[in-house]
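Student: Sharing run26.cif (mmCIF, C-alpha atoms) below.
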```cif
data_target
loop_
_atom_site.label_atom_id
_atom_site.label_comp_id
_atom_site.auth_asym_id
_atom_site.auth_seq_id
_atom_site.Cartn_x
_atom_site.Cartn_y
_atom_site.Cartn_z
CA MET A 1 -55.92 16.15 -4.59
CA LEU A 2 -55.48 16.81 -0.88
CA LYS A 3 -56.64 14.36 1.77
CA PRO A 4 -60.14 15.01 3.13
CA TYR A 5 -59.36 13.89 6.69
CA PHE A 6 -56.66 12.62 9.06
CA LYS A 7 -58.92 10.24 10.98
CA GLU A 8 -62.24 9.08 9.57
CA GLY A 9 -65.50 9.56 11.42
CA ILE A 10 -64.60 12.50 13.67
CA VAL A 11 -64.95 16.28 13.40
CA GLU A 12 -61.57 17.78 12.45
CA ALA A 13 -60.60 21.44 12.29
CA GLY A 14 -57.66 22.47 10.15
CA CYS A 15 -55.61 25.36 11.60
CA ASP A 16 -53.01 27.59 10.00
CA GLU A 17 -51.60 31.08 10.39
CA ALA A 18 -50.33 33.83 8.12
CA GLY A 19 -47.88 36.55 9.00
CA ARG A 20 -45.15 35.14 11.22
CA GLY A 21 -42.34 36.62 9.15
CA PRO A 22 -43.46 40.19 8.35
CA LEU A 23 -41.97 43.23 10.03
CA ALA A 24 -45.36 44.90 10.47
CA GLY A 25 -49.02 44.15 11.06
CA PRO A 26 -50.85 41.37 12.88
CA VAL A 27 -50.46 37.61 12.75
CA VAL A 28 -53.71 36.00 11.56
CA ALA A 29 -54.93 32.45 12.13
CA ALA A 30 -57.90 30.52 10.82
CA ALA A 31 -59.64 27.29 11.81
CA VAL A 32 -61.89 25.49 9.33
CA ILE A 33 -64.19 22.47 9.61
CA LEU A 34 -65.12 21.05 6.21
CA PRO A 35 -67.83 18.46 5.45
CA ALA A 36 -66.57 14.87 5.77
CA ASP A 37 -67.06 14.08 2.07
CA TYR A 38 -65.78 17.43 0.83
CA GLU A 39 -64.19 17.64 -2.62
CA ASN A 40 -62.48 20.60 -4.24
CA GLU A 41 -59.72 20.06 -6.79
CA LEU A 42 -58.56 23.69 -6.63
CA LEU A 43 -57.92 23.64 -2.89
CA ASN A 44 -54.19 23.84 -2.18
CA ASP A 45 -51.53 25.47 -0.03
CA SER A 46 -52.24 29.23 -0.24
CA LYS A 47 -48.61 29.92 -1.21
CA LYS A 48 -49.12 27.97 -4.45
CA LEU A 49 -52.21 29.89 -5.55
CA LYS A 50 -52.58 33.11 -7.51
CA LYS A 51 -54.41 36.11 -6.06
CA LYS A 52 -57.57 35.54 -8.10
CA GLN A 53 -57.67 31.85 -7.14
CA LEU A 54 -57.29 32.79 -3.48
CA GLU A 55 -60.18 35.24 -3.66
CA ILE A 56 -62.47 32.70 -5.36
CA LEU A 57 -61.51 29.93 -2.92
CA GLU A 58 -62.04 32.21 0.08
CA GLU A 59 -65.69 32.65 -0.90
CA VAL A 60 -66.11 28.94 -1.68
CA ILE A 61 -64.62 27.89 1.67
CA LYS A 62 -66.80 30.32 3.62
CA ARG A 63 -69.85 29.02 1.76
CA ASP A 64 -69.06 25.31 2.07
CA ALA A 65 -67.44 25.02 5.52
CA LEU A 66 -69.47 23.62 8.38
CA ALA A 67 -67.70 26.20 10.56
CA TYR A 68 -64.79 28.63 10.25
CA SER A 69 -63.17 31.37 12.28
CA VAL A 70 -60.45 33.92 11.48
CA GLN A 71 -58.67 35.81 14.28
CA GLU A 72 -55.92 38.44 14.53
CA VAL A 73 -53.26 39.04 17.16
CA SER A 74 -51.87 42.55 16.95
CA HIS A 75 -48.31 43.74 16.41
CA THR A 76 -48.30 45.09 19.98
CA GLN A 77 -49.21 41.68 21.39
CA ILE A 78 -46.53 40.11 19.19
CA ASP A 79 -43.98 42.46 20.78
CA GLU A 80 -45.26 41.58 24.26
CA ILE A 81 -45.44 37.77 24.03
CA ASN A 82 -43.23 37.01 20.95
CA ILE A 83 -44.31 35.81 17.52
CA LEU A 84 -44.46 32.10 18.33
CA ASN A 85 -46.79 32.62 21.30
CA ALA A 86 -48.80 35.15 19.29
CA SER A 87 -49.27 32.53 16.54
CA TYR A 88 -50.47 30.00 19.11
CA LEU A 89 -52.82 32.59 20.62
CA ALA A 90 -54.31 33.44 17.21
CA MET A 91 -54.92 29.74 16.54
CA HIS A 92 -56.46 29.23 19.99
CA LEU A 93 -58.79 32.18 19.42
CA SER A 94 -59.84 30.83 16.04
CA VAL A 95 -60.60 27.39 17.53
CA ARG A 96 -62.46 28.96 20.45
CA ASP A 97 -64.75 30.88 18.11
CA LEU A 98 -65.78 27.92 15.94
CA SER A 99 -69.54 27.31 16.08
CA ILE A 100 -68.87 23.54 16.19
CA GLN A 101 -66.51 21.94 18.70
CA PRO A 102 -63.99 19.74 16.84
CA ASN A 103 -62.70 16.38 18.14
CA LEU A 104 -59.24 16.91 16.64
CA LEU A 105 -57.13 19.86 15.51
CA LEU A 106 -54.88 19.50 12.47
CA ILE A 107 -52.08 22.03 12.89
CA ASP A 108 -49.83 23.17 10.05
CA GLY A 109 -46.22 22.94 11.24
CA ASN A 110 -44.12 20.95 13.68
CA ARG A 111 -45.21 22.36 17.06
CA PHE A 112 -48.23 23.72 18.84
CA LYS A 113 -49.31 24.72 22.34
CA ALA A 114 -52.13 22.31 23.20
CA TYR A 115 -55.62 23.74 23.22
CA ASP A 116 -57.49 22.77 26.37
CA GLY A 117 -59.66 19.71 25.88
CA ILE A 118 -58.99 19.06 22.19
CA PRO A 119 -56.19 16.75 20.97
CA HIS A 120 -54.07 17.88 18.03
CA GLU A 121 -51.78 16.57 15.32
CA CYS A 122 -48.92 18.69 13.99
CA ILE A 123 -48.37 18.12 10.28
CA VAL A 124 -45.31 19.60 8.55
CA LYS A 125 -46.40 21.21 5.26
CA GLY A 126 -49.93 20.25 6.25
CA ASP A 127 -51.40 22.98 4.03
CA GLY A 128 -50.23 20.93 1.06
CA LYS A 129 -51.59 17.64 2.45
CA TYR A 130 -54.99 18.16 4.10
CA MET A 131 -57.98 20.07 2.78
CA SER A 132 -58.99 21.64 6.09
CA ILE A 133 -55.48 23.01 6.71
CA ALA A 134 -55.27 24.34 3.14
CA ALA A 135 -58.65 26.02 3.64
CA ALA A 136 -57.42 27.60 6.89
CA SER A 137 -54.24 28.80 5.18
CA ILE A 138 -56.33 30.50 2.47
CA LEU A 139 -58.67 32.25 4.92
CA ALA A 140 -55.75 33.44 7.06
CA LYS A 141 -53.76 34.73 4.08
CA THR A 142 -56.62 36.52 2.29
CA HIS A 143 -57.73 38.18 5.53
CA ARG A 144 -54.22 39.33 6.41
CA ASP A 145 -53.49 40.58 2.89
CA ARG A 146 -56.61 42.78 3.08
CA VAL A 147 -55.55 44.16 6.46
CA MET A 148 -52.15 45.11 5.03
CA VAL A 149 -53.70 46.76 1.94
CA GLU A 150 -55.82 48.91 4.28
CA LEU A 151 -52.78 49.80 6.42
CA ALA A 152 -50.85 50.66 3.24
CA GLN A 153 -53.38 53.41 2.54
CA GLN A 154 -52.67 54.94 5.97
CA TYR A 155 -48.91 54.49 5.62
CA PRO A 156 -47.93 54.67 1.94
CA GLY A 157 -44.39 54.11 0.76
CA TYR A 158 -43.67 50.77 2.46
CA GLY A 159 -45.26 48.65 -0.27
CA TRP A 160 -47.51 46.77 2.12
CA GLU A 161 -50.19 46.47 -0.55
CA THR A 162 -47.86 44.07 -2.41
CA ASN A 163 -45.33 42.81 0.18
CA ALA A 164 -47.86 42.40 3.06
CA GLY A 165 -45.25 43.70 5.49
CA TYR A 166 -42.60 41.10 4.68
CA PRO A 167 -38.95 42.24 4.71
CA THR A 168 -38.52 43.06 1.02
CA ILE A 169 -35.83 45.42 -0.22
CA LYS A 170 -38.49 48.12 -0.85
CA HIS A 171 -39.89 47.73 2.65
CA ARG A 172 -36.50 47.98 4.31
CA ASP A 173 -35.48 50.95 2.12
CA ALA A 174 -38.69 52.69 3.21
CA ILE A 175 -37.86 52.04 6.88
CA ARG A 176 -34.45 53.66 6.33
CA GLN A 177 -35.98 56.69 4.60
CA LEU A 178 -39.30 57.14 6.41
CA GLY A 179 -38.64 55.50 9.78
CA ILE A 180 -41.03 53.06 11.42
CA THR A 181 -44.81 53.26 11.70
CA PRO A 182 -46.98 52.46 14.74
CA TYR A 183 -47.69 49.09 13.08
CA HIS A 184 -44.11 47.88 12.91
CA ARG A 185 -43.08 45.04 15.23
CA LYS A 186 -40.44 46.64 17.43
CA SER A 187 -39.24 43.26 18.74
CA PHE A 188 -38.21 42.26 15.20
CA ARG A 189 -34.91 43.07 13.54
CA LEU A 190 -36.34 45.66 11.17
CA LEU A 191 -33.06 46.39 9.41
CA PRO A 192 -30.04 44.08 9.03
CA GLU A 193 -27.80 46.65 10.68
CA GLN A 194 -30.63 47.73 13.08
CA MET A 195 -29.72 51.39 12.71
CA GLU A 196 -30.55 53.95 15.40
CA LEU A 197 -34.32 53.56 15.17
CA PHE A 198 -35.10 53.73 18.84
#
```
In structure tokens, write the structure found in this file.
Tutor:
Amino acid sequence: MLKPYFKEGIVEAGCDEAGRGPLAGPVVAAAVILPADYENELLNDSKKLKKKQLEILEEVIKRDALAYSVQEVSHTQIDEINILNASYLAMHLSVRDLSIQPNLLLIDGNRFKAYDGIPHECIVKGDGKYMSIAAASILAKTHRDRVMVELAQQYPGYGWETNAGYPTIKHRDAIRQLGITPYHRKSFRLLPEQMELF
């Protein structure tokens, strides 16, 4: 089972993002504060869970969390400030909108842009180590997957309902055949040979 806290006796918020690698759509981040004595044996890194498990856990987390927030940063902002800064911004927005101010942020990954007034710890593969980060990874992923399913209805043919905008063969073939949509990240290398798209 994952660890319930990094430092005992303080309010910790786990933070994670989903959607750094896709060629289209927003990057989404979540921040979650769980009860100090929280237990949930199913909670794990969102990448290790099946779709049905993710959907069940999303509801459980939203019910059980002391506070949570999920925020998007758009594809246009990603193009303007780059994906790393957009990921930081999404995390900052999710922390800002928590109804409880945490004493410590647990960040999934190896780097973070400090959030004013709250110390943080970067934890590599943190979504497989700490409950609050795993919970944040689940909320970010399920939210983003839903966004991409909705966008897939507006722009069929790219397979976003299953690939969530990631650079699969089907997605890249669709870019070659159909061109790009308004939701593609123009600052990304959309095709390996970056054909005459622009």
Student: Let me know the residues the PyMOL selection byres ((chain A and resi 25) around 12) catches in the file above, as a PyMOL selection string.
Tutor: chain A and resi 18-24+26-28+72-79+83+143-152+155+160-161+163-166+180-186+188
Student: Go ahead and write the selection's residues with C-alpha atoms as a PDB file, keeping the file's coordinate frame.
Tutor:
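What ended up in part_0.pdb:
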```pdb
ATOM      1  CA  ALA A  18     -50.330  33.830   8.120  1.00  0.00           C
ATOM      2  CA  GLY A  19     -47.880  36.550   9.000  1.00  0.00           C
ATOM      3  CA  ARG A  20     -45.150  35.140  11.220  1.00  0.00           C
ATOM      4  CA  GLY A  21     -42.340  36.620   9.150  1.00  0.00           C
ATOM      5  CA  PRO A  22     -43.460  40.190   8.350  1.00  0.00           C
ATOM      6  CA  LEU A  23     -41.970  43.230  10.030  1.00  0.00           C
ATOM      7  CA  ALA A  24     -45.360  44.900  10.470  1.00  0.00           C
ATOM      8  CA  PRO A  26     -50.850  41.370  12.880  1.00  0.00           C
ATOM      9  CA  VAL A  27     -50.460  37.610  12.750  1.00  0.00           C
ATOM     10  CA  VAL A  28     -53.710  36.000  11.560  1.00  0.00           C
ATOM     11  CA  GLU A  72     -55.920  38.440  14.530  1.00  0.00           C
ATOM     12  CA  VAL A  73     -53.260  39.040  17.160  1.00  0.00           C
ATOM     13  CA  SER A  74     -51.870  42.550  16.950  1.00  0.00           C
ATOM     14  CA  HIS A  75     -48.310  43.740  16.410  1.00  0.00           C
ATOM     15  CA  THR A  76     -48.300  45.090  19.980  1.00  0.00           C
ATOM     16  CA  GLN A  77     -49.210  41.680  21.390  1.00  0.00           C
ATOM     17  CA  ILE A  78     -46.530  40.110  19.190  1.00  0.00           C
ATOM     18  CA  ASP A  79     -43.980  42.460  20.780  1.00  0.00           C
ATOM     19  CA  ILE A  83     -44.310  35.810  17.520  1.00  0.00           C
ATOM     20  CA  HIS A 143     -57.730  38.180   5.530  1.00  0.00           C
ATOM     21  CA  ARG A 144     -54.220  39.330   6.410  1.00  0.00           C
ATOM     22  CA  ASP A 145     -53.490  40.580   2.890  1.00  0.00           C
ATOM     23  CA  ARG A 146     -56.610  42.780   3.080  1.00  0.00           C
ATOM     24  CA  VAL A 147     -55.550  44.160   6.460  1.00  0.00           C
ATOM     25  CA  MET A 148     -52.150  45.110   5.030  1.00  0.00           C
ATOM     26  CA  VAL A 149     -53.700  46.760   1.940  1.00  0.00           C
ATOM     27  CA  GLU A 150     -55.820  48.910   4.280  1.00  0.00           C
ATOM     28  CA  LEU A 151     -52.780  49.800   6.420  1.00  0.00           C
ATOM     29  CA  ALA A 152     -50.850  50.660   3.240  1.00  0.00           C
ATOM     30  CA  TYR A 155     -48.910  54.490   5.620  1.00  0.00           C
ATOM     31  CA  TRP A 160     -47.510  46.770   2.120  1.00  0.00           C
ATOM     32  CA  GLU A 161     -50.190  46.470  -0.550  1.00  0.00           C
ATOM     33  CA  ASN A 163     -45.330  42.810   0.180  1.00  0.00           C
ATOM     34  CA  ALA A 164     -47.860  42.400   3.060  1.00  0.00           C
ATOM     35  CA  GLY A 165     -45.250  43.700   5.490  1.00  0.00           C
ATOM     36  CA  TYR A 166     -42.600  41.100   4.680  1.00  0.00           C
ATOM     37  CA  ILE A 180     -41.030  53.060  11.420  1.00  0.00           C
ATOM     38  CA  THR A 181     -44.810  53.260  11.700  1.00  0.00           C
ATOM     39  CA  PRO A 182     -46.980  52.460  14.740  1.00  0.00           C
ATOM     40  CA  TYR A 183     -47.690  49.090  13.080  1.00  0.00           C
ATOM     41  CA  HIS A 184     -44.110  47.880  12.910  1.00  0.00           C
ATOM     42  CA  ARG A 185     -43.080  45.040  15.230  1.00  0.00           C
ATOM     43  CA  LYS A 186     -40.440  46.640  17.430  1.00  0.00           C
ATOM     44  CA  PHE A 188     -38.210  42.260  15.200  1.00  0.00           C
TER      45      PHE A 188
END
```
Student: I'd like to see the residues matched by the PyMOL selection byres ((chain A and resi 133) around 7) on this file, and ideally I'd get them as a PyMOL selection string.
Tutor: chain A and resi 14-16+106+108+126-127+130-132+134-137
Student: Could you check the closest approach to A:Ala90 for each of A:Glu121, A:Leu43, A:Glu17, A:Pro4 and tell me which residue wins, using all atoms listed in the file?
Tutor: A:Glu17
Student: Stretch 59-69 of chain A, all listed atoms, 3 Å padding on each side: what axis-aligned box centre and edge lengths in Å to one decimal come out, as JSON?
Tutor:
```
{"center_x": -66.5, "center_y": 28.1, "center_z": 5.3, "size_x": 12.7, "size_y": 15.0, "size_z": 20.0}
```
Student: Rounded to one decimal in Å, what is the spacing between atom CA of A:Leu2 and atom CA of A:Ala65?
Tutor: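 The value is 15.9 Å.
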Student: One decimal, Å: what's the distance from atom CA of A:Ala31 over to atom CA of A:Leu84, could you say?
Tutor: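 Spanning atom CA of A:Ala31 to atom CA of A:Leu84 is a straight-line distance of 17.2 Å.
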Student: Within 12 Å of (-38.8, 50.4, 1.0) (file coordinates; only C-alpha atoms), which protein or nucleic acid residues are there? I'd like them as a ChimeraX atom specification.
Tutor: /A:23,155-160,162-163,165-180,190-191
Student: Show which residues sit within 8 Å of stretch 69-71 of chain A, as JSON, numbers by chain. Count all atoms listed in the file, and ignore same-chain residues fewer than 2 positions away.
Tutor: {"A": [28, 29, 30, 31, 32, 67, 73, 90, 91, 93, 94, 95, 97, 98, 139, 140, 143]}
Student: At what distance in Å, to one decimal, does atom CA of A:Asp45 lie from atom CA of A:Ile107?
Tutor: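 These two atoms are separated by 13.4 Å.
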Student: Give as a ChimeraX atom specification the residues that the PyMOL selection byres ((chain A and resi 52-56) around 9) matches when applied to the coordinates above.
Tutor: /A:42,46,49-51,57-61,138-139,141-142
Student: Please determine, counting only C-alpha atoms, which residue among A:Ala13, A:Cys122, A:Ala114, A:Ala36 has the shortest atom-to-atom distance to A:Asn85.
Tutor: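 Comparing A:Ala13, A:Cys122, A:Ala114, A:Ala36 against A:Asn85, the winner is A:Ala114.
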Student: Compare A:Lys129, A:Arg96, A:Arg111, A:Lys62 by their minimum atom-to-atom distance to A:Leu34, counting only C-alpha atoms, and give me the closest one.
Tutor: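 Closest candidate: A:Lys62.
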